[in-house]
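upload13.cif, holding mmCIF, C-alpha atoms and all ligand atoms:
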```cif
data_model
#
loop_
_atom_site.label_atom_id
_atom_site.label_comp_id
_atom_site.auth_asym_id
_atom_site.auth_seq_id
_atom_site.Cartn_x
_atom_site.Cartn_y
_atom_site.Cartn_z
CA MET W 1 100.63 -63.05 133.57
CA SER W 2 102.03 -62.19 137.02
CA THR W 3 103.31 -58.66 137.61
CA GLN W 4 106.85 -59.98 137.79
CA THR W 5 106.62 -61.83 134.45
CA LEU W 6 105.03 -58.75 132.92
CA THR W 7 107.93 -56.58 134.10
CA GLU W 8 110.41 -59.14 132.78
CA ALA W 9 108.62 -59.19 129.44
CA LYS W 10 108.73 -55.39 129.27
CA MET W 11 112.40 -55.34 130.19
CA SER W 12 113.34 -57.91 127.59
CA HIS W 13 111.41 -55.95 124.93
CA HIS W 14 113.40 -52.92 125.99
CA ASP W 15 116.62 -54.83 125.44
CA LEU W 16 115.80 -56.66 122.20
CA LEU W 17 118.15 -54.53 120.13
CA LYS W 18 120.71 -53.78 122.81
CA ASP W 19 124.22 -53.31 121.31
CA GLN W 20 122.78 -53.04 117.80
CA VAL W 21 123.29 -50.02 115.57
CA ALA W 22 120.53 -48.84 113.25
CA ILE W 23 120.56 -46.22 110.49
CA VAL W 24 117.26 -44.76 109.33
CA THR W 25 117.31 -42.44 106.31
CA GLY W 26 114.93 -39.47 106.18
CA SER W 27 114.16 -39.91 109.86
CA GLY W 28 113.86 -36.24 110.79
CA ARG W 29 110.09 -36.65 110.78
CA GLY W 30 107.19 -38.83 109.63
CA ILE W 31 107.48 -42.60 109.18
CA GLY W 32 111.29 -42.60 109.50
CA LEU W 33 111.13 -40.86 112.85
CA ALA W 34 108.51 -43.32 114.16
CA ILE W 35 110.72 -46.25 113.08
CA ALA W 36 113.77 -44.65 114.71
CA LYS W 37 111.83 -44.17 117.94
CA LYS W 38 110.64 -47.77 117.95
CA LEU W 39 114.16 -49.14 117.42
CA ALA W 40 115.62 -46.79 120.05
CA GLY W 41 112.92 -47.96 122.45
CA ALA W 42 114.20 -51.51 122.00
CA GLY W 43 117.71 -50.44 122.97
CA ALA W 44 119.35 -49.88 119.58
CA ALA W 45 121.79 -47.04 119.01
CA VAL W 46 119.84 -45.19 116.35
CA ILE W 47 121.34 -42.85 113.76
CA ILE W 48 118.88 -40.21 112.64
CA THR W 49 119.82 -38.99 109.18
CA ASP W 50 118.12 -36.49 106.92
CA ILE W 51 118.77 -34.12 104.04
CA THR W 52 119.95 -31.32 106.36
CA GLN W 53 121.59 -31.42 109.77
CA GLU W 54 118.68 -29.34 111.13
CA SER W 55 116.04 -31.82 110.07
CA ALA W 56 118.11 -34.71 111.47
CA ASP W 57 118.54 -32.78 114.74
CA SER W 58 114.83 -32.10 114.95
CA GLY W 59 114.17 -35.88 114.80
CA ALA W 60 116.83 -36.52 117.44
CA ASN W 61 115.32 -33.82 119.69
CA GLU W 62 111.94 -35.45 119.46
CA ILE W 63 113.44 -38.81 120.39
CA ALA W 64 115.20 -37.15 123.33
CA SER W 65 111.90 -35.65 124.47
CA SER W 66 110.50 -39.18 124.82
CA GLY W 67 113.44 -40.07 127.06
CA LEU W 68 115.42 -42.00 124.43
CA LYS W 69 118.84 -41.40 122.92
CA SER W 70 119.97 -41.16 119.31
CA PHE W 71 122.75 -39.68 117.20
CA SER W 72 121.97 -37.33 114.33
CA THR W 73 123.98 -36.71 111.21
CA VAL W 74 123.26 -35.38 107.74
CA CYS W 75 122.80 -37.78 104.83
CA ASN W 76 121.41 -36.54 101.54
CA VAL W 77 120.50 -39.84 99.89
CA THR W 78 120.95 -38.40 96.40
CA ASP W 79 124.56 -37.39 97.08
CA PRO W 80 127.15 -40.23 97.06
CA GLU W 81 129.69 -38.14 99.01
CA SER W 82 127.19 -37.37 101.73
CA ILE W 83 126.29 -41.08 101.96
CA GLU W 84 129.92 -42.22 102.23
CA LYS W 85 130.59 -39.59 104.87
CA MET W 86 127.59 -40.76 106.91
CA THR W 87 128.64 -44.42 106.72
CA SER W 88 132.22 -43.68 107.74
CA THR W 89 131.07 -41.41 110.60
CA VAL W 90 128.86 -44.22 111.92
CA MET W 91 131.58 -46.86 111.53
CA GLU W 92 134.14 -44.63 113.30
CA LYS W 93 131.74 -43.99 116.17
CA TYR W 94 130.10 -47.42 116.58
CA SER W 95 132.26 -49.88 114.55
CA ARG W 96 129.17 -51.76 113.35
CA ILE W 97 125.88 -51.37 111.48
CA ASP W 98 123.22 -54.00 112.10
CA ILE W 99 120.10 -52.38 110.69
CA LEU W 100 119.49 -50.13 107.70
CA VAL W 101 116.07 -48.66 107.03
CA ASN W 102 115.86 -46.99 103.62
CA ASN W 103 112.99 -44.62 104.27
CA ALA W 104 113.78 -41.24 102.66
CA GLY W 105 111.39 -40.48 99.84
CA ILE W 106 109.53 -37.76 97.98
CA THR W 107 106.56 -37.33 95.64
CA LYS W 108 106.20 -35.08 92.61
CA ASP W 109 102.70 -35.94 91.46
CA THR W 110 101.25 -34.96 88.13
CA LEU W 111 99.45 -36.79 85.33
CA PHE W 112 101.76 -38.75 83.03
CA MET W 113 100.96 -36.50 80.07
CA ARG W 114 102.29 -33.45 81.92
CA MET W 115 105.16 -35.10 83.78
CA LYS W 116 108.48 -33.43 83.09
CA LEU W 117 111.69 -35.42 82.85
CA GLU W 118 113.02 -33.50 85.87
CA GLU W 119 110.03 -34.65 87.93
CA TRP W 120 110.57 -38.23 86.82
CA ASN W 121 114.32 -38.10 87.52
CA ALA W 122 114.00 -36.41 90.93
CA VAL W 123 111.64 -39.10 92.24
CA ILE W 124 113.61 -42.02 90.80
CA GLU W 125 116.87 -40.57 92.21
CA THR W 126 115.49 -39.91 95.69
CA ASN W 127 113.35 -43.02 96.10
CA LEU W 128 115.15 -45.73 94.12
CA THR W 129 118.72 -44.87 93.17
CA SER W 130 119.22 -43.78 96.79
CA VAL W 131 118.41 -47.31 98.00
CA PHE W 132 121.07 -48.65 95.63
CA LYS W 133 123.64 -46.10 96.83
CA VAL W 134 122.99 -46.17 100.58
CA THR W 135 122.68 -49.96 100.73
CA GLN W 136 125.87 -50.47 98.74
CA SER W 137 127.71 -48.17 101.12
CA VAL W 138 126.38 -49.84 104.28
CA ILE W 139 125.94 -53.51 103.40
CA LYS W 140 129.63 -54.31 103.03
CA ASN W 141 129.97 -53.77 106.78
CA MET W 142 127.03 -56.10 107.46
CA SER W 143 128.52 -58.62 105.11
CA LYS W 144 131.81 -58.66 107.02
CA ALA W 145 129.93 -59.14 110.28
CA ASN W 146 127.75 -61.88 108.80
CA TYR W 147 124.60 -60.19 110.06
CA GLY W 148 122.22 -57.54 108.84
CA ARG W 149 118.65 -56.39 108.53
CA VAL W 150 117.72 -54.16 105.59
CA VAL W 151 114.21 -52.73 105.53
CA ASN W 152 113.08 -50.71 102.53
CA ILE W 153 110.03 -48.47 102.64
CA ALA W 154 108.15 -49.02 99.38
CA SER W 155 104.44 -48.26 98.90
CA VAL W 156 101.18 -49.90 97.82
CA ILE W 157 101.47 -47.58 94.82
CA GLY W 158 104.52 -49.61 93.75
CA LEU W 159 102.29 -52.69 93.64
CA HIS W 160 99.18 -51.20 92.07
CA GLY W 161 100.10 -47.91 90.32
CA ASN W 162 98.12 -44.69 90.77
CA PHE W 163 96.83 -41.73 88.79
CA GLY W 164 99.35 -38.91 88.79
CA GLN W 165 102.13 -41.03 90.29
CA ALA W 166 103.94 -42.67 87.35
CA ASN W 167 107.34 -41.61 88.72
CA TYR W 168 106.52 -42.61 92.31
CA ALA W 169 104.92 -45.95 91.33
CA ALA W 170 107.90 -46.87 89.16
CA SER W 171 110.36 -45.91 91.91
CA LYS W 172 108.58 -48.02 94.54
CA ALA W 173 108.13 -51.01 92.20
CA GLY W 174 111.88 -50.72 91.63
CA VAL W 175 112.49 -50.72 95.38
CA ILE W 176 110.49 -53.96 95.69
CA ALA W 177 112.45 -55.68 92.91
CA LEU W 178 115.73 -54.45 94.38
CA THR W 179 114.67 -55.78 97.80
CA LYS W 180 114.08 -59.26 96.39
CA THR W 181 117.40 -59.24 94.56
CA LEU W 182 119.34 -58.17 97.66
CA ALA W 183 117.50 -60.86 99.65
CA LYS W 184 118.85 -63.46 97.23
CA GLU W 185 122.38 -62.07 96.97
CA TYR W 186 122.90 -61.60 100.72
CA ALA W 187 121.03 -64.53 102.27
CA SER W 188 124.30 -66.47 102.58
CA LYS W 189 125.63 -63.58 104.66
CA ASN W 190 122.76 -63.83 107.14
CA ILE W 191 121.39 -60.51 105.91
CA THR W 192 117.65 -60.32 105.37
CA CYS W 193 116.14 -57.69 103.12
CA ASN W 194 112.43 -56.95 103.22
CA ALA W 195 110.10 -54.17 102.15
CA ILE W 196 107.11 -52.47 103.69
CA ALA W 197 104.35 -51.18 101.44
CA PRO W 198 102.38 -48.62 103.43
CA GLY W 199 99.00 -47.42 102.24
CA PHE W 200 97.79 -43.97 103.29
CA ILE W 201 99.79 -42.84 106.32
CA ASP W 202 99.17 -39.52 108.06
CA THR W 203 102.48 -37.63 107.65
CA PRO W 204 103.60 -34.30 106.11
CA MET W 205 103.80 -36.18 102.76
CA THR W 206 100.04 -36.85 102.72
CA GLN W 207 98.97 -33.81 104.74
CA LYS W 208 99.45 -31.75 101.59
CA LEU W 209 96.69 -33.65 99.74
CA LYS W 210 93.30 -31.99 99.20
CA PRO W 211 90.54 -32.94 101.71
CA GLU W 212 88.31 -34.38 98.95
CA ILE W 213 91.13 -36.71 97.83
CA LYS W 214 91.66 -37.84 101.43
CA ASP W 215 87.93 -38.57 101.81
CA LYS W 216 88.01 -40.62 98.63
CA TYR W 217 90.86 -42.76 100.01
CA LEU W 218 89.04 -43.29 103.30
CA GLU W 219 86.09 -44.85 101.45
CA PHE W 220 88.38 -47.67 100.31
CA ILE W 221 90.02 -48.37 103.66
CA PRO W 222 88.17 -51.17 105.51
CA LEU W 223 89.73 -50.20 108.86
CA LYS W 224 88.20 -46.72 108.31
CA ARG W 225 91.17 -44.65 109.39
CA PHE W 226 94.42 -43.42 107.92
CA GLY W 227 97.53 -45.20 109.14
CA GLN W 228 99.83 -43.61 111.67
CA PRO W 229 103.64 -43.66 111.29
CA GLU W 230 103.68 -46.00 114.32
CA ASP W 231 101.69 -48.59 112.33
CA VAL W 232 104.55 -48.77 109.82
CA ALA W 233 107.13 -48.80 112.63
CA GLU W 234 105.53 -51.99 114.00
CA ALA W 235 106.25 -53.79 110.73
CA ALA W 236 109.83 -52.52 110.59
CA PHE W 237 110.30 -53.64 114.19
CA TYR W 238 109.19 -57.15 113.27
CA PHE W 239 111.81 -57.42 110.53
CA CYS W 240 114.53 -56.16 112.88
CA THR W 241 113.72 -58.20 115.98
CA GLY W 242 112.05 -61.38 114.77
CA GLY W 243 111.50 -62.70 111.29
CA SER W 244 114.94 -64.27 110.99
CA TYR W 245 113.53 -66.78 108.46
CA VAL W 246 111.72 -64.08 106.47
CA THR W 247 113.47 -62.44 103.53
CA GLY W 248 112.56 -60.91 100.18
CA GLN W 249 109.02 -60.17 101.39
CA VAL W 250 106.73 -57.18 101.11
CA ILE W 251 104.42 -56.54 104.03
CA VAL W 252 101.44 -54.33 103.22
CA VAL W 253 100.38 -51.90 105.97
CA ASP W 254 97.29 -50.22 104.51
CA GLY W 255 94.27 -50.87 106.72
CA GLY W 256 93.06 -53.46 104.20
CA MET W 257 92.84 -51.04 101.25
CA PHE W 258 94.28 -53.65 98.87
CA MET W 259 93.69 -57.34 99.47
N1 LIG C 1 102.83 -41.10 103.97
C1 LIG C 1 102.36 -42.09 103.23
O1 LIG C 1 101.14 -42.24 103.04
C2 LIG C 1 103.30 -43.08 102.60
C3 LIG C 1 102.75 -44.17 101.96
C4 LIG C 1 103.58 -45.10 101.37
C5 LIG C 1 104.94 -44.94 101.42
N2 LIG C 1 105.47 -43.85 102.04
C6 LIG C 1 106.93 -43.74 102.04
O2 LIG C 1 107.40 -43.62 103.35
C7 LIG C 1 108.63 -42.90 103.37
C8 LIG C 1 108.55 -41.77 104.39
O3 LIG C 1 107.51 -40.88 104.00
P1 LIG C 1 106.74 -39.91 105.00
O4 LIG C 1 105.31 -40.08 104.73
O5 LIG C 1 107.27 -40.06 106.37
O6 LIG C 1 107.18 -38.52 104.32
P2 LIG C 1 107.78 -37.18 104.94
O7 LIG C 1 107.78 -36.23 103.81
O8 LIG C 1 107.06 -36.82 106.18
O9 LIG C 1 109.26 -37.60 105.34
C9 LIG C 1 110.23 -37.88 104.38
C10 LIG C 1 111.59 -37.57 104.97
O10 LIG C 1 112.57 -37.85 103.97
C11 LIG C 1 113.48 -36.78 103.94
N3 LIG C 1 114.12 -36.66 102.63
C12 LIG C 1 113.61 -36.22 101.46
N4 LIG C 1 114.55 -36.17 100.52
C13 LIG C 1 115.70 -36.59 101.10
C14 LIG C 1 117.04 -36.75 100.66
N5 LIG C 1 117.41 -36.46 99.40
N6 LIG C 1 117.96 -37.20 101.53
C15 LIG C 1 117.62 -37.49 102.80
N7 LIG C 1 116.38 -37.35 103.29
C16 LIG C 1 115.44 -36.90 102.45
C17 LIG C 1 112.64 -35.54 104.28
O11 LIG C 1 113.45 -34.48 104.70
C18 LIG C 1 111.74 -36.09 105.35
O12 LIG C 1 112.32 -35.99 106.64
C19 LIG C 1 108.86 -42.42 101.93
O13 LIG C 1 109.73 -43.30 101.27
C20 LIG C 1 107.47 -42.51 101.34
O14 LIG C 1 107.50 -42.68 99.95
C21 LIG C 1 104.68 -42.91 102.63
#
```
For this file, produce the structure as structure tokens.
Ligand SMILES: NC(=O)c1ccc[n+]([C@@H]2O[C@H](COP(=O)([O-])OP(=O)(O)OC[C@H]3O[C@@H](n4cnc5c(N)ncnc54)[C@H](O)[C@@H]3O)[C@@H](O)[C@H]2O)c1
Amino acid sequence: MSTQTLTEAKMSHHDLLKDQVAIVTGSGRGIGLAIAKKLAGAGAAVIITDITQESADSGANEIASSGLKSFSTVCNVTDPESIEKMTSTVMEKYSRIDILVNNAGITKDTLFMRMKLEEWNAVIETNLTSVFKVTQSVIKNMSKANYGRVVNIASVIGLHGNFGQANYAASKAGVIALTKTLAKEYASKNITCNAIAPGFIDTPMTQKLKPEIKDKYLEFIPLKRFGQPEDVAEAAFYFCTGGSYVTGQVIVVDGGMFM
């Protein structure tokens, strides 16, 4: 490729999402932040949202430090009022929403026998019911515009289950089934809805695991490394920039752990 074509290619990549508005939930750090950065790098106006204004701001500051712009606002995905406020703030400021990435999520791991109802409910509320609430609030605007890209962050655990993660596995399996249903209901509105099922990604969520558990996981990963948030961002980027004939799918980003 000549230098000029290379520069043109870089420029067009930079502009792929120009004029588009993207909301990423739980993007103060981790996978959400990496996705937000990737979308901002392609020219989208990215809304960093998180459970507190401080955590949203910290994501936005990191984006700013890499020379990109974003807008941060609070959105607690378990609180309907907070969600509605976020959506109306974004619509007032930008008048459109093209991309929604439902990323916010938590774990409360413990063996099934010991799992308390509160631990079950907290994970289902934050990981699954939130996707219902946030998407319902946002998708009506996409529907009116006859365009939208919804990307839900599920997990390989939602496909395969895992010791000590009954609540988490059920929530992520639910996210996958919800993704497929939305794909069917909104296809006529030119809205695609896909899910990403990451394997073991190096973020604060997994940094709290014991070293011996991490080593165990590594044994089963053919690519012999943990994933980085940027690996997941690549998949999200695909759904938002290409893949216009791809909907209702789950892309597994796990270094080959499950195949
Ligand atoms: N790290 C992994 O190995 C892995 C694997 C598979 C799936 N995932 C999924 O990826 C997503 C991101 O996880 P991560 O690894 O970046 O975790 P993380 O803990 O680093 O980040 C999660 C973010 O979600 C936010 N959040 C939590 N509760 C919230 C709420 N009620 N409202 C708004 N924001 C809230 C947190 O403040 C945090 O910024 C989650 O859905 C997680 O289940 C992670």
Can I get the residues of chain W within 8 Å of ligand LIG 1 (chain C), each with the closest pair of atoms and their distance in Å to one decimal, using only C-alpha atoms and all ligand atoms, sorted chain first then ascending number, as CSV?
```
residue,atom,partner,partner_atom,distance
W:Thr25,CA,C:LIG1,N7,6.0
W:Gly26,CA,C:LIG1,O10,3.6
W:Ser27,CA,C:LIG1,O12,5.4
W:Gly28,CA,C:LIG1,O12,4.4
W:Arg29,CA,C:LIG1,O12,4.7
W:Gly30,CA,C:LIG1,O5,3.5
W:Ile31,CA,C:LIG1,O5,3.8
W:Gly32,CA,C:LIG1,O5,5.7
W:Leu33,CA,C:LIG1,O5,7.6
W:Thr49,CA,C:LIG1,C15,6.9
W:Asp50,CA,C:LIG1,N7,4.1
W:Ile51,CA,C:LIG1,C15,3.8
W:Thr52,CA,C:LIG1,O11,7.4
W:Ser55,CA,C:LIG1,O11,6.5
W:Ala56,CA,C:LIG1,O12,7.6
W:Val74,CA,C:LIG1,C15,7.8
W:Cys75,CA,C:LIG1,C15,5.6
W:Asn76,CA,C:LIG1,N6,3.5
W:Val77,CA,C:LIG1,N6,4.0
W:Thr78,CA,C:LIG1,N5,5.0
W:Asp79,CA,C:LIG1,N5,7.6
W:Asn102,CA,C:LIG1,O13,7.5
W:Asn103,CA,C:LIG1,O13,4.6
W:Ala104,CA,C:LIG1,O10,3.8
W:Gly105,CA,C:LIG1,O13,3.6
W:Ile106,CA,C:LIG1,C12,5.6
W:Thr107,CA,C:LIG1,O14,6.9
W:Thr126,CA,C:LIG1,N5,5.4
W:Asn127,CA,C:LIG1,O13,6.3
W:Ser130,CA,C:LIG1,N5,8.0
W:Ile153,CA,C:LIG1,O13,5.4
W:Ala154,CA,C:LIG1,C5,5.6
W:Ser155,CA,C:LIG1,C4,4.1
W:Val156,CA,C:LIG1,C4,6.4
W:Ile157,CA,C:LIG1,C4,7.3
W:Tyr168,CA,C:LIG1,O14,7.7
W:Lys172,CA,C:LIG1,O14,7.7
W:Ala197,CA,C:LIG1,C4,6.1
W:Pro198,CA,C:LIG1,C4,4.3
W:Gly199,CA,C:LIG1,C3,5.0
W:Phe200,CA,C:LIG1,O1,3.8
W:Ile201,CA,C:LIG1,O1,3.6
W:Asp202,CA,C:LIG1,N1,5.7
W:Thr203,CA,C:LIG1,O4,4.7
W:Pro204,CA,C:LIG1,O8,4.3
W:Met205,CA,C:LIG1,O7,4.1
W:Thr206,CA,C:LIG1,N1,5.2
W:Gly227,CA,C:LIG1,O1,7.7
W:Pro229,CA,C:LIG1,O5,7.1
```
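Rounded to one decimal, atom CA of Asn167 of chain W and atom CA of Val131 of chain W lie 15.5 Å from each other.
Using only C-alpha atoms, the shortest contact distance between Gly148 of chain W and any of W:Ile63, W:Ala122, W:Ile23, W:Leu223 is found at W:Ile23.
For the pair atom CA of Thr110 of chain W and atom CA of Phe163 of chain W, the separation is 8.1 Å.
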task: Rank nothing, just name the residue among W:Val253, W:Val46, W:Leu218, W:Met142 nearest to Ala235 of chain W, using all atoms listed in the file.
output: W:Val253
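Going from atom CA of Asn121 of chain W to atom CA of Ser137 of chain W covers 21.6 Å.
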field: Within 10 Å of Ser244 of chain W using only C-alpha atoms, minus same-chain residues under 5 positions, as JSON, numbers by chain
entry: {"W": [149, 190, 191, 192, 238, 239]}
Resulting file, chosen residues, C-alpha atoms, as a PDB file, in the frame of the given file:
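The resulting selection37.pdb:
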```pdb
ATOM      1  CA  ARG W 149     118.650 -56.390 108.530  1.00  0.00           C
ATOM      2  CA  ASN W 190     122.760 -63.830 107.140  1.00  0.00           C
ATOM      3  CA  ILE W 191     121.390 -60.510 105.910  1.00  0.00           C
ATOM      4  CA  THR W 192     117.650 -60.320 105.370  1.00  0.00           C
ATOM      5  CA  TYR W 238     109.190 -57.150 113.270  1.00  0.00           C
ATOM      6  CA  PHE W 239     111.810 -57.420 110.530  1.00  0.00           C
TER       7      PHE W 239
END
```
- prompt: From the set W:Ala177, W:Leu117, W:Glu84, W:Asp98, which residue has the shortest atom-to-atom contact distance to Gln136 of chain W, counting only C-alpha atoms?
  reply: W:Glu84
